[in-house]
file structure.csv (CSV, C-alpha atoms and all ligand atoms)
chain,number,residue,atom,x,y,z
A,491,MET,CA,47.8,1.1,15.6
A,492,GLY,CA,46.2,3.0,18.4
A,493,SER,CA,42.7,2.7,19.8
A,494,LEU,CA,39.7,4.1,18.0
A,495,HIS,CA,39.6,7.1,20.4
A,496,GLU,CA,43.3,7.7,19.8
A,497,ASN,CA,43.0,7.6,16.1
A,498,ASP,CA,39.9,9.8,16.2
A,499,LYS,CA,42.0,12.4,18.0
A,500,LYS,CA,44.9,11.9,15.6
A,501,TYR,CA,43.0,12.1,12.3
A,502,ILE,CA,39.9,14.2,13.0
A,503,LEU,CA,39.8,17.9,13.9
A,504,ASN,CA,39.3,18.0,17.6
A,505,LEU,CA,36.0,19.9,17.7
A,506,TYR,CA,33.8,17.7,19.9
A,507,ASN,CA,33.9,16.3,23.5
A,508,ARG,CA,33.7,12.6,22.6
A,509,LEU,CA,32.0,10.3,25.1
A,510,ASN,CA,34.2,7.5,26.4
A,511,LEU,CA,32.1,4.9,24.6
A,512,GLU,CA,32.5,2.9,21.4
A,513,VAL,CA,29.1,1.9,20.1
A,514,GLU,CA,28.9,-1.4,18.2
A,515,ARG,CA,25.2,-1.5,17.5
A,516,ALA,CA,21.9,0.1,18.4
A,517,GLU,CA,18.3,-1.2,19.0
A,518,GLY,CA,15.2,0.5,20.2
A,519,VAL,CA,16.3,3.0,22.8
A,520,TYR,CA,19.6,1.3,23.7
A,521,LEU,CA,23.2,1.5,22.4
A,522,TYR,CA,25.4,-1.5,22.8
A,523,ASP,CA,29.2,-1.6,23.1
A,524,LYS,CA,31.5,-4.5,21.9
A,525,ASP,CA,31.0,-6.4,25.1
A,526,ASN,CA,27.2,-6.2,24.7
A,527,ASN,CA,26.8,-3.7,27.6
A,528,LYS,CA,23.7,-1.7,27.0
A,529,TYR,CA,23.2,2.0,27.5
A,530,LEU,CA,19.9,3.8,27.8
A,531,ASP,CA,20.1,6.6,25.3
A,532,MET,CA,18.6,9.9,26.3
A,533,TYR,CA,20.4,11.8,23.5
A,534,SER,CA,18.6,10.3,20.4
A,535,GLY,CA,21.5,11.7,18.4
A,536,ILE,CA,20.5,15.1,19.7
A,537,SER,CA,16.9,14.9,18.6
A,538,VAL,CA,17.6,13.0,15.4
A,539,ASN,CA,16.6,9.4,16.2
A,540,ASN,CA,13.0,10.2,17.1
A,541,LEU,CA,11.9,6.6,16.4
A,542,GLY,CA,14.9,5.2,18.3
A,543,TYR,CA,17.0,2.8,16.5
A,544,ASP,CA,14.2,1.5,14.3
A,545,LYS,CA,15.0,-1.3,11.8
A,546,GLY,CA,12.2,0.0,9.5
A,547,ILE,CA,14.2,3.1,8.7
A,548,ALA,CA,17.2,0.9,7.6
A,549,LYS,CA,14.8,-1.1,5.5
A,550,ALA,CA,13.4,2.0,3.8
A,551,ILE,CA,16.9,3.2,3.1
A,552,LYS,CA,18.0,-0.2,1.7
A,553,ASN,CA,14.9,-0.3,-0.6
A,554,GLN,CA,15.9,3.1,-2.1
A,555,VAL,CA,19.6,2.3,-2.3
A,556,ASP,CA,18.7,-0.7,-4.4
A,557,LYS,CA,16.9,1.5,-6.9
A,558,TYR,CA,19.3,4.5,-7.0
A,559,ILE,CA,21.2,6.6,-4.5
A,560,HIS,CA,21.6,9.9,-6.2
A,561,LEU,CA,20.4,11.5,-9.4
A,562,SER,CA,20.8,15.4,-9.0
A,563,ASN,CA,18.1,18.0,-8.8
A,564,TYR,CA,17.7,18.0,-12.6
A,565,PHE,CA,15.6,14.9,-12.0
A,566,VAL,CA,12.3,14.3,-10.1
A,567,SER,CA,12.5,11.6,-7.5
A,568,GLU,CA,9.7,9.7,-5.9
A,569,PRO,CA,10.7,9.6,-2.2
A,570,THR,CA,11.5,13.3,-2.3
A,571,VAL,CA,8.1,14.2,-3.7
A,572,ASN,CA,6.4,11.7,-1.3
A,573,LEU,CA,8.1,13.3,1.7
A,574,ALA,CA,7.2,16.8,0.5
A,575,LYS,CA,3.6,15.8,0.0
A,576,LEU,CA,3.5,14.3,3.6
A,577,LEU,CA,4.9,17.6,5.0
A,578,VAL,CA,2.5,19.7,3.0
A,579,ASP,CA,-0.5,17.5,3.9
A,580,ASN,CA,0.3,17.8,7.6
A,581,SER,CA,1.2,21.4,7.9
A,582,PHE,CA,0.3,25.0,7.0
A,583,ALA,CA,2.8,24.9,4.2
A,584,SER,CA,2.0,24.7,0.5
A,585,LYS,CA,5.6,23.9,-0.7
A,586,VAL,CA,8.9,22.6,0.6
A,587,TYR,CA,12.6,23.1,-0.2
A,588,PHE,CA,15.0,20.4,0.9
A,589,SER,CA,18.5,21.1,2.2
A,590,ASN,CA,21.1,18.8,3.9
A,591,SER,CA,21.2,20.2,7.4
A,592,GLY,CA,19.6,22.6,9.8
A,593,THR,CA,22.0,25.4,9.3
A,594,GLU,CA,21.5,25.2,5.6
A,595,ALA,CA,17.7,25.3,6.0
A,596,ASN,CA,18.1,28.5,8.0
A,597,GLU,CA,20.4,29.9,5.3
A,598,GLY,CA,17.8,29.3,2.7
A,599,ALA,CA,15.1,30.8,4.8
A,600,LEU,CA,17.2,33.9,5.4
A,601,LYS,CA,17.7,34.3,1.7
A,602,LEU,CA,13.9,33.9,1.1
A,603,CYS,CA,13.1,36.5,3.7
A,604,ARG,CA,15.6,39.0,2.3
A,605,LYS,CA,14.2,38.6,-1.2
A,606,TYR,CA,10.7,39.0,0.2
A,607,GLY,CA,11.6,42.2,2.0
A,608,ARG,CA,13.4,43.6,-0.9
A,609,SER,CA,10.4,43.1,-3.1
A,610,ILE,CA,8.6,45.6,-0.8
A,611,ASN,CA,11.4,48.1,-0.3
A,612,GLU,CA,15.1,48.0,-1.0
A,613,ASP,CA,16.0,48.5,2.7
A,614,LYS,CA,13.6,45.9,4.1
A,615,VAL,CA,16.3,43.3,4.6
A,616,GLU,CA,16.8,43.4,8.4
A,617,ILE,CA,16.3,40.2,10.4
A,618,LEU,CA,15.7,39.8,14.1
A,619,SER,CA,16.7,36.8,16.2
A,620,ALA,CA,16.6,36.0,19.9
A,621,LEU,CA,19.5,36.1,22.3
A,622,ASN,CA,20.4,32.7,23.6
A,623,SER,CA,19.0,31.1,20.4
A,624,PHE,CA,20.7,28.5,18.3
A,625,HIS,CA,20.3,28.4,14.5
A,626,GLY,CA,23.5,26.8,13.2
A,627,ARG,CA,27.1,27.2,12.5
A,628,THR,CA,27.5,28.4,8.9
A,629,CYS,CA,27.9,32.2,8.6
A,630,GLY,CA,24.2,33.0,8.2
A,631,GLY,CA,23.1,30.4,10.8
A,632,LEU,CA,25.8,31.7,13.1
A,633,THR,CA,24.7,35.2,12.7
A,634,LEU,CA,21.2,34.2,13.6
A,635,THR,CA,22.5,32.4,16.6
A,636,GLY,CA,22.3,35.0,19.3
A,637,GLN,CA,25.2,33.9,21.4
A,638,GLU,CA,28.4,35.9,21.6
A,639,LYS,CA,30.4,32.8,22.7
A,640,TYR,CA,29.8,31.1,19.3
A,641,GLN,CA,30.2,34.3,17.2
A,642,LYS,CA,33.2,36.1,18.7
A,643,ASP,CA,36.1,34.5,16.9
A,644,PHE,CA,34.4,34.6,13.5
A,645,LYS,CA,33.3,38.2,13.0
A,646,PRO,CA,32.5,39.9,10.8
A,647,LEU,CA,29.3,38.0,10.3
A,648,LEU,CA,26.3,39.0,8.2
A,649,SER,CA,25.2,42.6,8.6
A,650,GLY,CA,21.6,43.5,9.2
A,651,VAL,CA,20.8,41.1,12.0
A,652,ASN,CA,19.7,42.3,15.4
A,653,TYR,CA,18.9,40.5,18.6
A,654,PHE,CA,16.0,40.8,21.1
A,655,GLU,CA,15.7,39.3,24.5
A,656,PHE,CA,13.8,36.0,24.4
A,657,ASN,CA,10.3,36.5,25.8
A,658,ASN,CA,10.9,40.2,26.4
A,659,ILE,CA,8.2,42.1,24.5
A,660,GLU,CA,9.8,45.6,25.2
A,661,SER,CA,13.1,44.4,23.8
A,662,LEU,CA,11.3,43.1,20.6
A,663,ARG,CA,9.5,46.3,20.1
A,664,GLU,CA,12.7,48.3,20.3
A,665,CYS,CA,14.3,46.2,17.5
A,666,VAL,CA,11.4,46.1,15.1
A,667,SER,CA,11.1,48.7,12.3
A,668,GLU,CA,9.7,49.1,8.7
A,669,ASN,CA,13.0,47.6,7.5
A,670,THR,CA,12.4,44.3,9.4
A,671,CYS,CA,11.8,41.5,6.9
A,672,ALA,CA,11.7,38.6,9.3
A,673,VAL,CA,11.9,37.4,12.9
A,674,PHE,CA,13.5,34.0,13.5
A,675,LEU,CA,12.5,32.1,16.6
A,676,GLU,CA,12.7,28.8,18.3
A,677,VAL,CA,9.4,28.2,20.3
A,678,ILE,CA,11.4,26.0,22.6
A,679,GLN,CA,15.1,27.1,22.8
A,680,GLY,CA,16.9,23.7,22.8
A,681,GLU,CA,20.6,24.3,22.9
A,682,GLY,CA,19.7,27.4,25.1
A,683,GLY,CA,18.5,25.1,27.9
A,684,ILE,CA,14.9,24.0,27.0
A,685,VAL,CA,13.2,27.4,27.5
A,686,GLU,CA,9.7,27.8,26.1
A,687,VAL,CA,8.4,31.0,24.5
A,688,SER,CA,5.3,32.5,26.1
A,689,GLN,CA,2.0,32.9,24.4
A,690,GLU,CA,2.1,36.6,25.2
A,691,PHE,CA,5.4,37.0,23.4
A,692,ILE,CA,4.1,35.1,20.3
A,693,ASN,CA,1.0,37.3,20.3
A,694,GLU,CA,3.3,40.3,20.2
A,695,VAL,CA,5.4,38.8,17.3
A,696,VAL,CA,2.2,38.2,15.4
A,697,LYS,CA,0.8,41.6,16.1
A,698,LEU,CA,4.0,43.4,15.0
A,699,SER,CA,4.3,41.2,11.9
A,700,LYS,CA,1.0,42.5,10.7
A,701,ILE,CA,1.9,46.1,11.5
A,702,TYR,CA,5.4,46.0,9.9
A,703,ASN,CA,4.8,43.3,7.3
A,704,PHE,CA,7.6,40.9,8.3
A,705,LEU,CA,7.8,37.1,8.1
A,706,ILE,CA,7.7,34.8,11.1
A,707,VAL,CA,10.2,32.0,10.7
A,708,ILE,CA,10.0,29.2,13.3
A,709,ASP,CA,13.1,27.1,13.6
A,710,GLU,CA,11.7,23.6,14.4
A,711,ILE,CA,15.0,21.8,13.7
A,712,GLN,CA,15.2,20.4,17.2
A,713,THR,CA,11.5,20.6,18.2
A,714,GLY,CA,9.9,19.3,15.0
A,715,ILE,CA,8.6,15.9,13.9
A,716,GLY,CA,6.9,15.1,17.2
A,717,ARG,CA,9.6,15.9,19.7
A,718,SER,CA,7.4,18.3,21.6
A,719,GLY,CA,4.4,16.0,21.6
A,720,ASP,CA,2.9,17.8,18.6
A,721,LEU,CA,4.1,17.4,15.0
A,722,PHE,CA,5.5,20.9,15.3
A,723,ALA,CA,6.0,22.7,18.6
A,724,PHE,CA,4.5,26.0,17.3
A,725,GLU,CA,1.1,24.2,17.1
A,726,LYS,CA,0.7,24.8,20.9
A,727,TYR,CA,0.4,28.5,20.2
A,728,ASN,CA,-2.4,30.2,18.5
A,729,PHE,CA,-0.7,31.3,15.3
A,730,THR,CA,0.5,30.2,11.9
A,731,PRO,CA,4.1,30.9,10.9
A,732,ASP,CA,5.1,32.0,7.4
A,733,VAL,CA,8.1,29.7,7.2
A,734,VAL,CA,9.3,26.7,9.3
A,735,THR,CA,12.8,25.2,9.1
A,736,LEU,CA,13.4,21.5,9.8
A,737,ALA,CA,16.3,19.1,10.0
A,738,LYS,CA,17.6,16.5,12.5
A,739,SER,CA,14.8,13.9,12.8
A,740,ILE,CA,13.3,14.6,9.3
A,741,GLY,CA,16.0,12.4,7.6
A,742,GLY,CA,15.7,9.5,10.0
A,743,GLY,CA,19.5,9.7,10.7
A,744,LEU,CA,20.6,10.8,7.3
A,745,PRO,CA,21.5,14.4,6.5
A,746,LEU,CA,18.4,16.3,5.4
A,747,GLY,CA,16.8,19.7,6.1
A,748,ALA,CA,13.7,21.4,4.9
A,749,ILE,CA,12.1,24.8,4.6
A,750,LEU,CA,8.3,24.8,4.8
A,751,VAL,CA,6.8,27.7,3.0
A,752,SER,CA,3.3,29.2,3.1
A,753,GLU,CA,1.4,29.7,-0.1
A,754,ARG,CA,1.9,33.5,-0.4
A,755,LEU,CA,5.7,32.9,-0.4
A,756,GLU,CA,5.7,30.1,-3.0
A,757,GLU,CA,7.0,32.4,-5.8
A,758,VAL,CA,9.6,34.4,-3.9
A,759,LEU,CA,12.6,32.2,-4.8
A,760,LYS,CA,12.8,31.5,-8.5
A,761,ILE,CA,14.9,29.0,-10.6
A,762,GLY,CA,18.5,29.7,-9.9
A,763,ASP,CA,18.0,31.7,-6.7
A,764,HIS,CA,18.9,28.9,-4.5
A,765,GLY,CA,19.9,25.2,-4.7
A,766,SER,CA,22.0,22.3,-3.5
A,767,THR,CA,23.6,19.3,-5.1
A,768,PHE,CA,22.5,16.8,-2.4
A,769,GLY,CA,19.5,18.7,-1.0
A,770,GLY,CA,16.5,16.3,-0.9
A,771,ASN,CA,18.5,13.3,-1.8
A,772,PRO,CA,16.3,10.3,-2.4
A,773,VAL,CA,17.8,8.0,0.3
A,774,ALA,CA,17.4,10.5,3.1
A,775,CYS,CA,13.9,11.3,1.9
A,776,ALA,CA,13.0,7.6,1.8
A,777,ALA,CA,14.1,7.5,5.5
A,778,GLY,CA,12.2,10.7,6.2
A,779,GLU,CA,9.0,9.3,4.6
A,780,PHE,CA,9.1,6.3,6.9
A,781,VAL,CA,9.6,8.5,10.0
A,782,LEU,CA,7.0,11.0,9.1
A,783,ASP,CA,4.4,8.4,8.2
A,784,LYS,CA,4.9,6.8,11.7
A,785,VAL,CA,4.6,10.1,13.5
A,786,VAL,CA,1.5,11.3,11.7
A,787,ASN,CA,-0.3,8.1,11.0
A,788,THR,CA,-0.1,6.2,14.3
A,789,ASN,CA,-1.0,7.1,17.9
A,790,LEU,CA,2.7,7.8,18.7
A,791,LEU,CA,2.1,11.5,19.6
A,792,ASP,CA,-0.8,10.7,22.0
A,793,GLU,CA,1.6,8.3,23.7
A,794,VAL,CA,4.4,10.9,23.8
A,795,ARG,CA,2.0,13.4,25.5
A,796,GLU,CA,0.9,10.8,28.1
A,797,LYS,CA,4.4,9.6,28.8
A,798,SER,CA,5.8,13.1,28.9
A,799,LYS,CA,3.2,14.0,31.6
A,800,TYR,CA,4.4,10.9,33.6
A,801,ILE,CA,8.0,11.9,33.3
A,802,LEU,CA,7.4,15.5,34.3
A,803,ASP,CA,5.3,14.4,37.3
A,804,GLU,CA,7.9,12.0,38.5
A,805,LEU,CA,10.7,14.6,38.0
A,806,GLN,CA,8.7,17.0,40.1
A,807,LYS,CA,8.6,14.4,42.9
A,808,LEU,CA,12.4,14.1,42.5
A,809,LYS,CA,12.7,17.9,42.8
A,810,LYS,CA,10.8,17.7,46.1
A,811,ASP,CA,13.3,15.2,47.3
A,812,PHE,CA,16.4,17.1,46.0
A,813,PRO,CA,15.3,20.7,46.3
A,814,THR,CA,18.8,22.2,46.3
A,815,LEU,CA,20.1,20.0,43.5
A,816,ILE,CA,17.2,20.4,41.0
A,817,LYS,CA,16.6,24.1,40.4
A,818,GLU,CA,14.0,23.9,37.7
A,819,ILE,CA,12.3,21.4,35.3
A,820,ARG,CA,11.2,22.7,31.9
A,821,GLY,CA,9.9,21.5,28.5
A,822,ARG,CA,7.3,19.3,27.1
A,823,GLY,CA,6.9,16.1,25.0
A,824,MET,CA,10.2,14.3,24.9
A,825,MET,CA,12.2,17.5,25.2
A,826,ILE,CA,12.7,18.1,28.9
A,827,GLY,CA,15.4,20.2,30.7
A,828,VAL,CA,16.4,19.6,34.3
A,829,ASP,CA,18.4,22.5,35.6
A,830,VAL,CA,20.8,21.1,38.2
A,831,GLY,CA,23.3,24.1,38.3
A,832,GLU,CA,26.9,23.2,38.6
A,833,SER,CA,26.3,19.5,39.2
A,834,ALA,CA,25.3,18.9,35.6
A,835,ILE,CA,28.7,17.5,34.4
A,836,ALA,CA,29.1,15.3,37.5
A,837,ILE,CA,25.6,13.9,37.0
A,838,ARG,CA,26.3,13.2,33.3
A,839,ASP,CA,29.5,11.4,34.1
A,840,ASN,CA,28.0,9.4,36.9
A,841,ALA,CA,25.1,8.4,34.7
A,842,MET,CA,27.5,7.2,32.1
A,843,ASN,CA,29.1,4.9,34.6
A,844,ASN,CA,25.6,3.6,35.3
A,845,ASN,CA,24.9,2.9,31.6
A,846,LEU,CA,22.6,5.9,31.3
A,847,LEU,CA,23.5,8.5,28.6
A,848,LEU,CA,22.6,12.1,29.5
A,849,ASN,CA,23.3,15.2,27.6
A,850,VAL,CA,24.2,18.5,29.2
A,851,THR,CA,23.4,21.8,27.5
A,852,ASN,CA,23.9,25.5,28.5
A,853,LYS,CA,26.3,24.3,31.2
A,854,THR,CA,23.7,23.5,33.9
A,855,VAL,CA,20.8,21.7,32.1
A,856,ILE,CA,20.4,18.0,31.8
A,857,ARG,CA,18.7,17.8,28.4
A,858,LEU,CA,16.5,14.8,28.1
A,859,LEU,CA,15.7,13.9,24.5
A,860,PRO,CA,14.8,10.2,24.6
A,861,PRO,CA,13.4,8.5,21.5
A,862,LEU,CA,9.7,9.2,21.2
A,863,CYS,CA,9.0,5.5,21.4
A,864,ILE,CA,10.5,5.0,24.9
A,865,SER,CA,8.3,2.6,27.0
A,866,TYR,CA,7.1,3.1,30.5
A,867,ASN,CA,9.6,0.4,31.7
A,868,GLU,CA,12.4,2.3,30.0
A,869,ILE,CA,11.2,5.5,31.5
A,870,ASN,CA,11.2,3.9,35.0
A,871,GLU,CA,14.7,2.6,34.4
A,872,PHE,CA,15.8,6.2,33.7
A,873,LEU,CA,14.0,7.5,36.7
A,874,GLU,CA,15.4,5.0,39.1
A,875,LYS,CA,18.9,5.5,37.8
A,876,PHE,CA,18.5,9.3,37.9
A,877,ARG,CA,17.3,9.2,41.5
A,878,ASP,CA,20.1,7.0,42.5
A,879,ILE,CA,22.7,9.3,40.9
A,880,LEU,CA,21.2,12.4,42.4
A,881,SER,CA,21.4,10.8,45.8
A,882,LYS,CA,25.1,10.3,45.4
A,883,ILE,CA,26.0,13.8,44.2
B,1,LIG,C1,17.2,24.9,16.8
B,1,LIG,C2,18.4,24.5,15.9
B,1,LIG,N1,18.6,25.1,14.8
B,1,LIG,C3,19.6,24.8,13.9
B,1,LIG,C4,20.5,23.8,14.3
B,1,LIG,C5,21.6,23.5,13.3
B,1,LIG,O1,21.3,22.3,12.7
B,1,LIG,P1,22.5,21.5,12.0
B,1,LIG,O2,23.5,21.0,13.0
B,1,LIG,O3,21.8,20.3,11.3
B,1,LIG,O4,23.2,22.4,11.0
B,1,LIG,C6,20.3,23.1,15.5
B,1,LIG,C7,21.3,22.1,15.9
B,1,LIG,O5,21.5,21.8,17.0
B,1,LIG,C8,19.2,23.5,16.3
B,1,LIG,O6,19.0,22.8,17.5
call {"tool": "encode", "arguments": {"input": "structure.csv", "output": "structure tokens", "more": "lines below"}}
Ligand SMILES: Cc1ncc(COP(=O)(O)O)c(C=O)c1O
result
Amino acid sequence: MGSLHENDKKYILNLYNRLNLEVERAEGVYLYDKDNNKYLDMYSGISVNNLGYDKGIAKAIKNQVDKYIHLSNYFVSEPTVNLAKLLVDNSFASKVYFSNSGTEANEGALKLCRKYGRSINEDKVEILSALNSFHGRTCGGLTLTGQEKYQKDFKPLLSGVNYFEFNNIESLRECVSENTCAVFLEVIQGEGGIVEVSQEFINEVVKLSKIYNFLIVIDEIQTGIGRSGDLFAFEKYNFTPDVVTLAKSIGGGLPLGAILVSERLEEVLKIGDHGSTFGGNPVACAAGEFVLDKVVNTNLLDEVREKSKYILDELQKLKKDFPTLIKEIRGRGMMIGVDVGESAIAIRDNAMNNNLLLNVTNKTVIRLLPPLCISYNEINEFLEKFRDILSKI
């Protein structure tokens, strides 16, 4: 027979470092194993479960499942239209395209940018992306992902993509030309270790976009739908992007991605230029509608900002008490990185033994992505456990 973990290894391609935990059920901000041990979840499915394990999402899904699960994109579908309207009503965008994942949203955005560029001049198809960025694993997404470690075994990737140093204005200037059709950017690099873009850098991107007539594509796949304390993380900066890509939390736990497009780009992609069998599937959109409604029509984001300040203040106190262990604290909203250098894995493992689930990214960064609805009591539980673990490292 074998255990679940043994069979997982036996039957599924071994591409992930599985945690030594079998989850039986989930509620609020906790995961429970078969013996009803509860674990405080600071992963949120890597920024997917923004409302935590909310029974309302399951209800919205069940409602839609009872009507129909799938039709195909030859048919209009109410939850899909409702979600698109919610996105448009609450953003700069005038229209939305739905995909199934983040990498696919970026693939679609890349195609849109190239078609836009080509409509100006045949060579205007070059795309710029940041080093240390993360934009997905399919060939287009992987090309946009400016990290050699992910790309090296899969070359040749797409041609016509160049990389600038994140937050380095000179480096960006060196890459830009008349043939640039788009710059892709995360305003908070997530997988790259929770690193925020500077206002000065954004100002330069905007300035250059006007001179060279390229599109600004903001990847909000990890940062979007309230994670940063605003509906979109780019809102903190003084600019409006041309395109925003979404995924992760937008489907409430079901596979869904989206491309938000500004009015002047509405007509770039025409019937037949792009598409997907499952993109915008009604069940995922029903879940997304429930999530987005909660994020935009309640005071959830005010609370996120207040609680985030509390967490950041308390983490700064911890940094004072553990100055050699904690190198830096970064981020905002419920997207916080604690750089602990080489101790990251030991801290993660120790936390797990204390029923606290911590994610590590970029080798040295504890990436805190709790559900947006985490309460002060639960935050204090995290802080107490975290302090206790740090004192033992
Ligand atoms: C910023 C960003 N872009 C794109 C992706 C890829 O999304 P997906 O895994 O849904 O393809 C991720 C996933 O971690 C991400 O964080």
call {"tool": "residues_near_ligand", "arguments": {"input": "structure.csv", "ligand": "ligand LIG 1 (chain B)", "cutoff": "10 Å", "atoms": "only C-alpha atoms and all ligand atoms", "output": "ChimeraX atom specification"}}
result
/A:536-538,589-597,623-628,631-632,634-635,675-682,708-714,735-739,745-747
call {"tool": "atom_distance", "arguments": {"input": "structure.csv", "atom1": "atom CA of Asp556 of chain A", "atom2": "atom CA of Gly769 of chain A"}}
result
19.7 Å
call {"tool": "closest_residue", "arguments": {"input": "structure.csv", "among": "A:Val850, A:Ile879, A:Cys603, A:Ile701", "to": "Leu759 of chain A", "atoms": "only C-alpha atoms"}}
result
A:Cys603
call {"tool": "residues_near_point", "arguments": {"input": "structure.csv", "point": "(10.7, 22.4, 0.5)", "cutoff": "10 Å", "atoms": "all atoms listed in the file", "output": "list in words"}}
result
Thr570, Val571, Leu573, Ala574, Lys575, Leu577, Val578, Ala583, Ser584, Lys585, Val586, Tyr587, Phe588, Ser589, Ala595, Val734, Thr735, Leu736, Gly747, Ala748, Ile749, Leu750, Val751, Glu756, Gly769 and Gly770 of chain A
call {"tool": "atom_distance", "arguments": {"input": "structure.csv", "atom1": "atom CA of Leu576 of chain A", "atom2": "atom CA of Glu779 of chain A"}}
result
7.5 Å
call {"tool": "residues_around", "arguments": {"input": "structure.csv", "residues": "Gly741 of chain A", "least_positions_apart": "5", "cutoff": "6 Å", "atoms": "only C-alpha atoms", "output": "list in words"}}
result
Leu746, Ala774, Ala777 and Gly778 of chain A
call {"tool": "residues_near_point", "arguments": {"input": "structure.csv", "point": "(15.0, 44.4, 1.3)", "cutoff": "12 Å", "atoms": "only C-alpha atoms", "output": "JSON, numbers by chain"}}
result
{"A": [600, 601, 602, 603, 604, 605, 606, 607, 608, 609, 610, 611, 612, 613, 614, 615, 616, 617, 650, 668, 669, 670, 671, 672, 703, 704]}
call {"tool": "closest_residue", "arguments": {"input": "structure.csv", "among": "A:Glu512, A:Asn572, A:Asn580, A:Gln806", "to": "Asp525 of chain A", "atoms": "only C-alpha atoms"}}
result
A:Glu512
call {"tool": "closest_residue", "arguments": {"input": "structure.csv", "among": "A:Leu662, A:Ile856, A:Leu503, A:Ile826", "to": "Ile801 of chain A", "atoms": "all atoms listed in the file"}}
result
A:Ile826
call {"tool": "residues_around", "arguments": {"input": "structure.csv", "residues": "Tyr520 of chain A", "least_positions_apart": "6", "cutoff": "10 Å", "atoms": "only C-alpha atoms", "output": "NGL selection string"}}
result
:A and (527-532 or 534 or 542-543 or 845-847 or 861 or 864 or 868)
call {"tool": "atom_distance", "arguments": {"input": "structure.csv", "atom1": "atom CA of Phe722 of chain A", "atom2": "atom CA of Leu791 of chain A"}}
result
10.9 Å
call {"tool": "closest_residue", "arguments": {"input": "structure.csv", "among": "A:Lys810, A:Phe872, A:Asn771, A:Leu862", "to": "Met842 of chain A", "atoms": "all atoms listed in the file"}}
result
A:Phe872
call {"tool": "residues_around", "arguments": {"input": "structure.csv", "residues": "Asp732 of chain A", "least_positions_apart": "2", "cutoff": "7 Å", "atoms": "only C-alpha atoms", "output": "PDB file with C-alpha atoms, keeping the file's coordinate frame"}}
result
ATOM      1  CA  LEU A 705       7.800  37.100   8.100  1.00  0.00           C
ATOM      2  CA  ILE A 706       7.700  34.800  11.100  1.00  0.00           C
ATOM      3  CA  VAL A 707      10.200  32.000  10.700  1.00  0.00           C
ATOM      4  CA  THR A 730       0.500  30.200  11.900  1.00  0.00           C
ATOM      5  CA  VAL A 751       6.800  27.700   3.000  1.00  0.00           C
ATOM      6  CA  SER A 752       3.300  29.200   3.100  1.00  0.00           C
TER       7      SER A 752
END
call {"tool": "closest_residue", "arguments": {"input": "structure.csv", "among": "A:Val781, A:Val519, A:Val666, A:Leu494", "to": "Tyr866 of chain A", "atoms": "only C-alpha atoms"}}
result
A:Val519
call {"tool": "closest_residue", "arguments": {"input": "structure.csv", "among": "A:Val685, A:Val733, A:Leu521, A:Val794", "to": "Leu755 of chain A", "atoms": "only C-alpha atoms"}}
result
A:Val733
call {"tool": "residues_around", "arguments": {"input": "structure.csv", "residues": "Phe644 of chain A", "least_positions_apart": "2", "cutoff": "12 Å", "atoms": "all atoms listed in the file", "output": "count of residues only"}}
result
14
call {"tool": "residues_around", "arguments": {"input": "structure.csv", "residues": "Glu664 of chain A", "least_positions_apart": "5", "cutoff": "12 Å", "atoms": "only C-alpha atoms", "output": "MDAnalysis selection string"}}
result
chainID A and resid 618 652:655 658:659 670 698
